[in-house]
file query-v9.cif (mmCIF, C-alpha atoms and all ligand atoms)
data_target
#
loop_
_atom_site.label_atom_id
_atom_site.label_comp_id
_atom_site.auth_asym_id
_atom_site.auth_seq_id
_atom_site.Cartn_x
_atom_site.Cartn_y
_atom_site.Cartn_z
CA MET A 1 10.50 -26.44 -41.03
CA MET A 2 13.57 -24.34 -41.46
CA SER A 3 17.11 -25.32 -40.97
CA ARG A 4 19.16 -24.27 -37.97
CA SER A 5 21.39 -22.07 -40.09
CA ALA A 6 18.38 -20.29 -41.58
CA THR A 7 17.14 -19.58 -38.08
CA ARG A 8 20.45 -18.13 -37.04
CA MET A 9 20.63 -15.99 -40.15
CA ALA A 10 17.13 -14.65 -39.59
CA ARG A 11 17.98 -13.85 -35.99
CA SER A 12 21.14 -12.12 -37.03
CA MET A 13 19.20 -9.97 -39.50
CA LEU A 14 16.65 -9.05 -36.89
CA GLY A 15 19.39 -8.23 -34.44
CA HIS A 16 20.86 -5.74 -36.89
CA VAL A 17 17.52 -4.05 -37.39
CA GLY A 18 17.53 -3.34 -33.66
CA PRO A 19 14.98 -3.95 -30.94
CA ARG A 20 13.11 -0.71 -31.50
CA TYR A 21 12.40 -1.24 -35.17
CA PHE A 22 11.87 -4.89 -34.62
CA SER A 23 9.20 -4.12 -32.06
CA THR A 24 7.41 -1.72 -34.37
CA THR A 25 7.36 -4.17 -37.21
CA VAL A 26 5.96 -6.86 -34.98
CA VAL A 27 3.24 -4.51 -33.89
CA ARG A 28 2.26 -3.68 -37.42
CA GLY A 29 1.82 -7.30 -38.13
CA GLY A 30 3.29 -7.10 -41.62
CA ALA A 31 6.73 -8.00 -40.44
CA ALA A 32 5.30 -10.73 -38.28
CA THR A 33 4.10 -12.30 -41.48
CA GLU A 34 7.45 -11.64 -43.06
CA ALA A 35 9.24 -13.15 -40.11
CA ALA A 36 7.03 -16.19 -40.34
CA ARG A 37 7.83 -16.42 -44.04
CA ILE A 38 11.55 -16.55 -43.36
CA GLY A 39 10.99 -18.93 -40.53
CA ALA A 40 11.99 -16.64 -37.68
CA ALA A 41 8.54 -16.56 -36.18
CA ALA A 42 9.28 -19.81 -34.48
CA THR A 43 11.57 -18.00 -32.10
CA ILE A 44 9.46 -14.86 -31.75
CA PHE A 45 5.94 -15.86 -30.90
CA ARG A 46 6.24 -19.19 -29.29
CA GLY A 47 5.57 -19.71 -25.64
CA HIS A 48 3.54 -16.94 -24.05
CA PRO A 49 4.00 -17.31 -20.28
CA ARG A 50 0.28 -17.06 -19.64
CA LYS A 51 -0.69 -18.95 -22.77
CA VAL A 52 -2.92 -16.10 -23.88
CA ASP A 53 -4.17 -16.29 -27.45
CA VAL A 54 -2.73 -13.63 -29.71
CA GLN A 55 -5.87 -11.97 -30.96
CA PRO A 56 -6.14 -9.01 -33.37
CA TRP A 57 -7.13 -6.71 -30.49
CA MET A 58 -3.97 -7.65 -28.66
CA MET A 59 -1.98 -6.74 -31.71
CA ARG A 60 -3.61 -3.32 -31.61
CA PHE A 61 -2.95 -2.97 -27.90
CA SER A 62 0.66 -3.83 -28.37
CA SER A 63 1.16 -0.68 -30.46
CA VAL A 64 0.96 1.13 -27.14
CA VAL A 65 3.51 -1.08 -25.44
CA GLY A 66 5.74 -1.66 -28.43
CA ASN A 67 8.97 -0.54 -26.81
CA ARG A 68 8.34 -2.69 -23.79
CA ASN A 69 7.92 -5.66 -26.10
CA ALA A 70 11.21 -4.75 -27.67
CA SER A 71 13.08 -4.79 -24.41
CA THR A 72 11.39 -8.00 -23.36
CA LEU A 73 12.35 -9.62 -26.61
CA ALA A 74 15.89 -8.42 -26.25
CA LEU A 75 16.08 -9.89 -22.76
CA GLY A 76 14.64 -13.12 -24.07
CA GLU A 77 17.51 -13.51 -26.51
CA LYS A 78 19.33 -15.93 -24.22
CA HIS A 79 16.48 -18.39 -24.48
CA GLN A 80 16.67 -18.63 -28.23
CA ASP A 81 19.08 -21.49 -28.47
CA GLN A 82 16.62 -23.49 -26.42
CA ASP A 83 13.87 -22.40 -28.81
CA ASP A 84 15.90 -23.40 -31.80
CA GLU A 85 16.18 -26.87 -30.42
CA MET A 86 12.45 -27.04 -29.96
CA ALA A 87 11.79 -25.75 -33.46
CA GLU A 88 14.06 -28.37 -34.94
CA SER A 89 12.60 -31.14 -32.85
CA GLY A 90 9.17 -30.53 -34.38
CA GLY A 91 7.73 -27.79 -32.15
CA SER A 92 4.65 -26.19 -33.63
CA SER A 93 6.19 -22.87 -34.58
CA GLY A 94 3.46 -21.68 -36.95
CA GLY A 95 0.67 -22.82 -34.68
CA ALA A 96 2.25 -21.14 -31.69
CA ALA A 97 2.59 -17.91 -33.64
CA ALA A 98 -1.05 -17.93 -34.58
CA GLY A 99 -2.44 -19.26 -31.33
CA GLY A 100 0.04 -17.79 -28.88
CA GLY A 101 0.13 -20.94 -26.79
CA GLY A 102 2.10 -24.13 -26.75
CA GLY A 103 5.41 -22.76 -25.46
CA ASN A 104 7.16 -23.80 -22.33
CA ASP A 105 6.38 -21.80 -19.19
CA ASN A 106 9.95 -20.62 -18.74
CA ASN A 107 9.95 -18.70 -21.98
CA LYS A 108 10.27 -14.94 -21.34
CA GLU A 109 9.39 -13.92 -24.90
CA ILE A 110 5.94 -12.43 -24.98
CA MET A 111 3.81 -10.92 -27.66
CA SER A 112 2.09 -8.33 -25.51
CA TYR A 113 2.11 -7.33 -21.89
CA TRP A 114 -1.27 -7.10 -20.26
CA GLY A 115 -0.12 -5.21 -17.22
CA VAL A 116 -0.38 -6.40 -13.67
CA GLU A 117 -3.47 -8.07 -12.30
CA PRO A 118 -5.33 -5.63 -10.02
CA ALA A 119 -5.61 -6.72 -6.42
CA LYS A 120 -8.99 -8.02 -5.37
CA ILE A 121 -10.27 -5.56 -2.80
CA THR A 122 -13.36 -6.06 -0.70
CA ARG A 123 -15.25 -3.94 1.77
CA GLU A 124 -15.61 -4.82 5.41
CA ASP A 125 -18.86 -6.63 4.61
CA GLY A 126 -17.10 -8.74 1.99
CA SER A 127 -18.67 -7.05 -1.04
CA GLU A 128 -16.40 -6.03 -3.89
CA TRP A 129 -14.79 -2.57 -3.81
CA ARG A 130 -16.05 -0.87 -6.94
CA TRP A 131 -13.63 2.04 -7.37
CA ASN A 132 -10.32 1.83 -9.14
CA CYS A 133 -9.59 5.52 -8.61
CA PHE A 134 -9.29 5.28 -4.84
CA ARG A 135 -9.00 2.57 -2.22
CA PRO A 136 -10.82 1.98 1.07
CA TRP A 137 -7.78 3.08 3.10
CA GLU A 138 -7.84 6.47 1.31
CA THR A 139 -11.38 7.22 2.47
CA TYR A 140 -12.09 9.25 5.59
CA LYS A 141 -14.71 11.01 7.65
CA ALA A 142 -14.38 14.75 7.17
CA ASP A 143 -13.87 16.84 10.28
CA VAL A 144 -16.83 19.20 9.80
CA SER A 145 -16.23 20.84 13.17
CA ILE A 146 -13.35 22.88 11.74
CA ASP A 147 -13.64 26.65 12.11
CA LEU A 148 -14.92 27.93 8.76
CA ASP A 149 -14.58 31.62 9.58
CA LYS A 150 -10.85 31.83 10.18
CA HIS A 151 -9.32 34.49 7.97
CA HIS A 152 -5.68 35.35 7.58
CA VAL A 153 -5.40 39.14 7.77
CA PRO A 154 -3.05 40.39 5.07
CA THR A 155 -0.54 42.82 6.50
CA THR A 156 2.58 42.62 4.33
CA PHE A 157 2.75 43.82 0.75
CA LEU A 158 3.06 40.23 -0.49
CA ASP A 159 0.01 39.09 1.47
CA LYS A 160 -2.06 42.02 0.22
CA MET A 161 -1.02 41.24 -3.32
CA ALA A 162 -2.07 37.60 -2.84
CA TYR A 163 -5.36 38.64 -1.26
CA TRP A 164 -6.32 41.16 -3.95
CA THR A 165 -5.24 38.82 -6.73
CA VAL A 166 -7.75 36.26 -5.45
CA LYS A 167 -10.44 38.92 -4.95
CA ALA A 168 -9.86 40.13 -8.51
CA LEU A 169 -10.22 36.58 -9.83
CA ARG A 170 -13.53 36.22 -8.03
CA PHE A 171 -15.19 39.04 -9.99
CA PRO A 172 -15.13 37.34 -13.44
CA THR A 173 -16.05 34.05 -11.76
CA ASP A 174 -19.17 35.61 -10.19
CA VAL A 175 -20.14 37.17 -13.51
CA PHE A 176 -19.67 33.94 -15.45
CA PHE A 177 -21.41 31.50 -13.09
CA GLN A 178 -23.77 33.79 -11.15
CA ARG A 179 -25.87 31.41 -9.01
CA ARG A 180 -25.11 28.17 -10.83
CA TYR A 181 -23.21 26.81 -7.84
CA GLY A 182 -23.07 23.19 -8.98
CA CYS A 183 -21.41 24.18 -12.21
CA ARG A 184 -19.26 26.74 -10.44
CA ALA A 185 -18.01 24.14 -7.95
CA MET A 186 -17.17 21.69 -10.71
CA MET A 187 -15.27 24.29 -12.72
CA LEU A 188 -13.38 25.74 -9.77
CA GLU A 189 -12.24 22.29 -8.69
CA THR A 190 -10.45 21.92 -12.03
CA VAL A 191 -8.30 24.87 -10.94
CA ALA A 192 -8.11 24.01 -7.24
CA ALA A 193 -6.45 20.65 -7.96
CA VAL A 194 -3.48 22.29 -9.68
CA PRO A 195 -1.49 24.07 -6.88
CA GLY A 196 -0.99 20.96 -4.74
CA MET A 197 0.36 19.03 -7.69
CA VAL A 198 2.67 21.85 -8.80
CA GLY A 199 3.94 22.51 -5.27
CA GLY A 200 4.35 18.80 -4.57
CA MET A 201 6.21 18.28 -7.83
CA LEU A 202 8.57 21.18 -7.21
CA LEU A 203 9.29 20.04 -3.65
CA HIS A 204 9.87 16.53 -4.97
CA CYS A 205 12.47 17.82 -7.42
CA LYS A 206 14.03 19.97 -4.69
CA SER A 207 14.32 16.96 -2.41
CA LEU A 208 16.13 15.08 -5.17
CA ARG A 209 18.43 17.96 -6.01
CA ARG A 210 19.42 18.66 -2.42
CA PHE A 211 19.49 15.08 -1.13
CA GLU A 212 17.17 16.02 1.73
CA HIS A 213 13.83 15.08 3.24
CA SER A 214 10.73 17.13 2.51
CA GLY A 215 9.32 17.00 6.03
CA GLY A 216 6.22 15.33 4.60
CA TRP A 217 5.25 18.36 2.54
CA ILE A 218 5.42 16.55 -0.79
CA LYS A 219 2.89 14.03 0.49
CA ALA A 220 0.70 16.70 2.10
CA LEU A 221 0.51 18.76 -1.09
CA LEU A 222 -0.09 15.76 -3.33
CA GLU A 223 -2.82 14.64 -0.91
CA GLU A 224 -4.41 18.04 -1.33
CA ALA A 225 -4.27 17.75 -5.13
CA GLU A 226 -5.86 14.31 -5.01
CA ASN A 227 -8.53 15.47 -2.59
CA GLU A 228 -9.41 18.39 -4.89
CA ARG A 229 -9.56 16.04 -7.84
CA MET A 230 -11.99 13.86 -5.91
CA HIS A 231 -14.14 16.96 -5.40
CA LEU A 232 -14.18 17.31 -9.16
CA MET A 233 -15.01 13.63 -9.72
CA THR A 234 -17.91 14.08 -7.29
CA PHE A 235 -19.37 17.26 -8.81
CA MET A 236 -19.05 15.77 -12.29
CA GLU A 237 -21.78 13.37 -11.19
CA VAL A 238 -24.25 16.17 -10.52
CA SER A 239 -23.28 18.68 -13.20
CA GLN A 240 -22.03 17.90 -16.67
CA PRO A 241 -19.72 20.44 -18.32
CA ARG A 242 -20.87 21.96 -21.60
CA TRP A 243 -18.50 22.20 -24.57
CA TYR A 244 -17.59 25.85 -23.97
CA GLU A 245 -16.95 25.10 -20.28
CA ARG A 246 -14.56 22.34 -21.28
CA ALA A 247 -12.83 24.80 -23.60
CA LEU A 248 -12.62 27.30 -20.75
CA VAL A 249 -11.04 24.70 -18.43
CA PHE A 250 -8.51 23.88 -21.13
CA THR A 251 -7.50 27.51 -21.45
CA VAL A 252 -7.56 28.35 -17.76
CA GLN A 253 -5.50 25.30 -16.87
CA GLY A 254 -2.84 26.23 -19.41
CA VAL A 255 -2.54 29.73 -17.98
CA PHE A 256 -2.97 28.90 -14.29
CA PHE A 257 -0.60 25.94 -14.22
CA ASN A 258 2.23 27.98 -15.69
CA ALA A 259 1.47 31.09 -13.65
CA TYR A 260 1.42 29.09 -10.41
CA PHE A 261 4.54 27.17 -11.38
CA LEU A 262 6.46 30.40 -11.91
CA THR A 263 5.05 31.97 -8.76
CA TYR A 264 6.09 28.94 -6.71
CA LEU A 265 9.60 29.05 -8.16
CA ILE A 266 9.97 32.75 -7.40
CA SER A 267 8.13 32.89 -4.06
CA PRO A 268 6.60 29.79 -2.45
CA LYS A 269 5.60 32.12 0.39
CA MET A 270 3.36 34.06 -2.00
CA ALA A 271 2.15 30.92 -3.82
CA HIS A 272 0.91 29.27 -0.63
CA ARG A 273 -0.70 32.51 0.52
CA VAL A 274 -2.61 32.78 -2.77
CA VAL A 275 -3.92 29.25 -2.28
CA GLY A 276 -4.83 30.03 1.32
CA TYR A 277 -7.01 32.90 0.11
CA LEU A 278 -8.41 30.82 -2.75
CA GLU A 279 -9.53 28.28 -0.16
CA GLU A 280 -11.18 31.01 1.89
CA GLU A 281 -13.12 31.96 -1.25
CA ALA A 282 -14.00 28.31 -1.82
CA ILE A 283 -15.47 28.11 1.69
CA HIS A 284 -17.56 31.19 0.89
CA SER A 285 -18.75 29.66 -2.42
CA TYR A 286 -19.81 26.42 -0.77
CA THR A 287 -21.62 28.32 1.98
CA GLU A 288 -23.61 30.14 -0.77
CA PHE A 289 -24.19 26.76 -2.41
CA LEU A 290 -25.68 25.46 0.84
CA LYS A 291 -27.94 28.51 1.14
CA GLU A 292 -29.32 27.88 -2.36
CA LEU A 293 -29.91 24.23 -1.48
CA ASP A 294 -31.72 25.20 1.73
CA LYS A 295 -33.90 27.69 -0.16
CA GLY A 296 -34.84 24.97 -2.63
CA ASN A 297 -33.32 26.84 -5.60
CA ILE A 298 -31.05 23.86 -6.21
CA GLU A 299 -32.50 20.37 -5.94
CA ASN A 300 -31.06 18.39 -3.05
CA VAL A 301 -30.50 15.21 -5.03
CA PRO A 302 -29.12 11.99 -3.51
CA ALA A 303 -25.37 12.05 -2.97
CA PRO A 304 -23.32 10.42 -5.75
CA ALA A 305 -22.13 6.92 -4.89
CA ILE A 306 -18.51 7.97 -5.20
CA ALA A 307 -19.02 10.63 -2.51
CA ILE A 308 -20.71 8.19 -0.14
CA ASP A 309 -17.74 5.86 -0.36
CA TYR A 310 -15.01 8.50 -0.34
CA TRP A 311 -16.27 10.44 2.71
CA ARG A 312 -17.84 7.37 4.36
CA LEU A 313 -21.24 9.05 4.32
CA PRO A 314 -24.45 7.27 5.32
CA PRO A 315 -26.18 5.58 2.35
CA ASN A 316 -29.11 8.03 2.36
CA SER A 317 -26.90 11.14 2.16
CA THR A 318 -27.77 14.01 -0.13
CA LEU A 319 -25.97 16.64 -2.15
CA ARG A 320 -26.18 18.93 0.88
CA ASP A 321 -24.17 16.46 2.96
CA VAL A 322 -21.58 16.31 0.22
CA VAL A 323 -21.24 20.09 0.05
CA VAL A 324 -20.77 20.21 3.83
CA VAL A 325 -17.84 17.77 3.75
CA VAL A 326 -16.27 19.38 0.70
CA ARG A 327 -16.45 22.76 2.44
CA ALA A 328 -14.71 21.21 5.46
CA ASP A 329 -11.97 19.94 3.13
CA GLU A 330 -11.46 23.44 1.77
CA ALA A 331 -11.08 24.78 5.31
CA HIS A 332 -8.33 22.21 5.92
CA HIS A 333 -6.57 23.22 2.67
CA ARG A 334 -6.79 26.85 3.82
CA ASP A 335 -4.98 25.99 7.05
CA VAL A 336 -2.31 23.91 5.33
CA ASN A 337 -1.45 26.63 2.82
CA HIS A 338 -1.48 29.57 5.22
CA PHE A 339 0.70 27.47 7.53
CA ALA A 340 3.14 26.76 4.69
CA SER A 341 3.31 30.44 3.85
CA ASP A 342 3.91 31.35 7.50
CA ILE A 343 6.82 28.90 7.70
CA HIS A 344 8.44 30.77 4.83
CA TYR A 345 7.64 34.08 6.53
CA GLN A 346 9.73 32.93 9.48
CA GLY A 347 12.65 32.50 7.11
CA ARG A 348 12.51 28.73 7.40
CA GLU A 349 12.20 25.95 4.85
CA LEU A 350 9.03 23.84 4.79
CA ASN A 351 10.92 20.70 5.80
CA GLU A 352 11.85 22.35 9.10
CA ALA A 353 8.21 22.03 10.25
CA PRO A 354 6.41 18.68 9.98
CA ALA A 355 3.67 18.72 7.36
CA PRO A 356 0.06 18.04 8.39
CA ILE A 357 -0.27 14.76 6.48
CA GLY A 358 -3.76 13.25 6.55
CA TYR A 359 -5.25 16.52 7.79
CA HIS A 360 -8.95 16.28 6.80
FE FE B 1 -12.09 21.57 -3.63
FE FE B 2 -9.36 23.26 -1.60
#
call {"tool": "encode", "arguments": {"input": "query-v9.cif", "output": "structure tokens"}}
result
Amino acid sequence: MMSRSATRMARSMLGHVGPRYFSTTVVRGGAATEAARIGAAATIFRGHPRKVDVQPWMMRFSSVVGNRNASTLALGEKHQDQDDEMAESGGSSGGAAAGGGGGNDNNKEIMSYWGVEPAKITREDGSEWRWNCFRPWETYKADVSIDLDKHHVPTTFLDKMAYWTVKALRFPTDVFFQRRYGCRAMMLETVAAVPGMVGGMLLHCKSLRRFEHSGGWIKALLEEAENERMHLMTFMEVSQPRWYERALVFTVQGVFFNAYFLTYLISPKMAHRVVGYLEEEAIHSYTEFLKELDKGNIENVPAPAIAIDYWRLPPNSTLRDVVVVVRADEAHHRDVNHFASDIHYQGRELNEAPAPIGYH
């Protein structure tokens, strides 16, 4: 048991080291031992709010959240006088440090922060919702009645440039994938999920800079990005990327993200038109995919569970059903992006026309 003055001196020393370094040393564990040796551990580790044992794995985890610990500890400073009293009145400082329990419930000093408890979500039938990556209220039934053949005719120089850029990109894609449509779909979705995120991010920043609403376009574009990413999560279940395909995605993403970012900064009109034409190509690719499935060249395997839940498909759905709804999604993305480009063509800002949020 240390004296009160020793406790204050130890606390003063730790205060001079600063919360950041203090946190790091706690995480490494060595200083925790040191702190215990000088008697300061009594005020550091005692009283976890949830009375969770401080296990070695938690020490490792806390290396990730070290700075958060630091700020928490700094905020908990005001409780230390109360702790000192407890330590002097025979509180089990060493035992609390080792076991992590035994403190009072009002103590805000914690060793690690195990996040926020996820909400318990159930389906309509009461069974547990199994996906963390999306929630029941984000699922939908795709509108497969959408016109798949609509094509924006390029007339201006900018539109023709967008159109031929996309056509030029299709050539190497055809050569690389040929008729491996499952793999092709998976790889192209890694690219397709980028424009919505870039556009949404740039509109988000613009909204902040200009103190103005986005007209729903931030949400619409981020929805598109998320929807494309769900396409990828689905096709991952039926086609696993090989090492050189992963390397290709890495490279293509680096180039495409930056190219699209710059294009959007310079001309959002052109950027949205490019995506509109990319989506037209995606519709074509999925139509070819369906033809191969119908011919029996690609096995029509059962639909992945994630797809059944995301698009609210019947339980006995197949890969063909999934391709049909994904193709419908692409047609909706086509409309959204050509629409966005046309708004710019009219010399207006996107926020002057309401965005088609939830357009599936
Ligand atoms: Fe897609
Ligand atoms: Fe798309």
call {"tool": "atom_distance", "arguments": {"input": "query-v9.cif", "atom1": "atom CA of Tyr163 of chain A", "atom2": "atom CA of Leu148 of chain A"}}
result
17.5 Å
call {"tool": "residues_near_ligand", "arguments": {"input": "query-v9.cif", "ligand": "ligand FE 1 (chain B)", "cutoff": "12 Å", "atoms": "all atoms listed in the file", "output": "ChimeraX atom specification"}}
result
/A:184-196,223-235,275,278-286,322-334
call {"tool": "atom_distance", "arguments": {"input": "query-v9.cif", "atom1": "atom CA of Trp131 of chain A", "atom2": "atom CA of Met201 of chain A"}}
result
25.6 Å
call {"tool": "residues_around", "arguments": {"input": "query-v9.cif", "residues": "Phe339 of chain A", "least_positions_apart": "2", "cutoff": "10 Å", "atoms": "all atoms listed in the file", "output": "ChimeraX atom specification"}}
result
/A:269,272-273,276,333-337,341-345,350,353,355-356
call {"tool": "closest_residue", "arguments": {"input": "query-v9.cif", "among": "A:Ala271, A:Leu262, A:Leu221, A:Leu202", "to": "ligand FE 2 (chain B)", "atoms": "all atoms listed in the file"}}
result
A:Leu221
call {"tool": "closest_residue", "arguments": {"input": "query-v9.cif", "among": "A:Gln346, A:Asn297, A:Val274, A:Leu203", "to": "ligand FE 2 (chain B)", "atoms": "all atoms listed in the file"}}
result
A:Val274
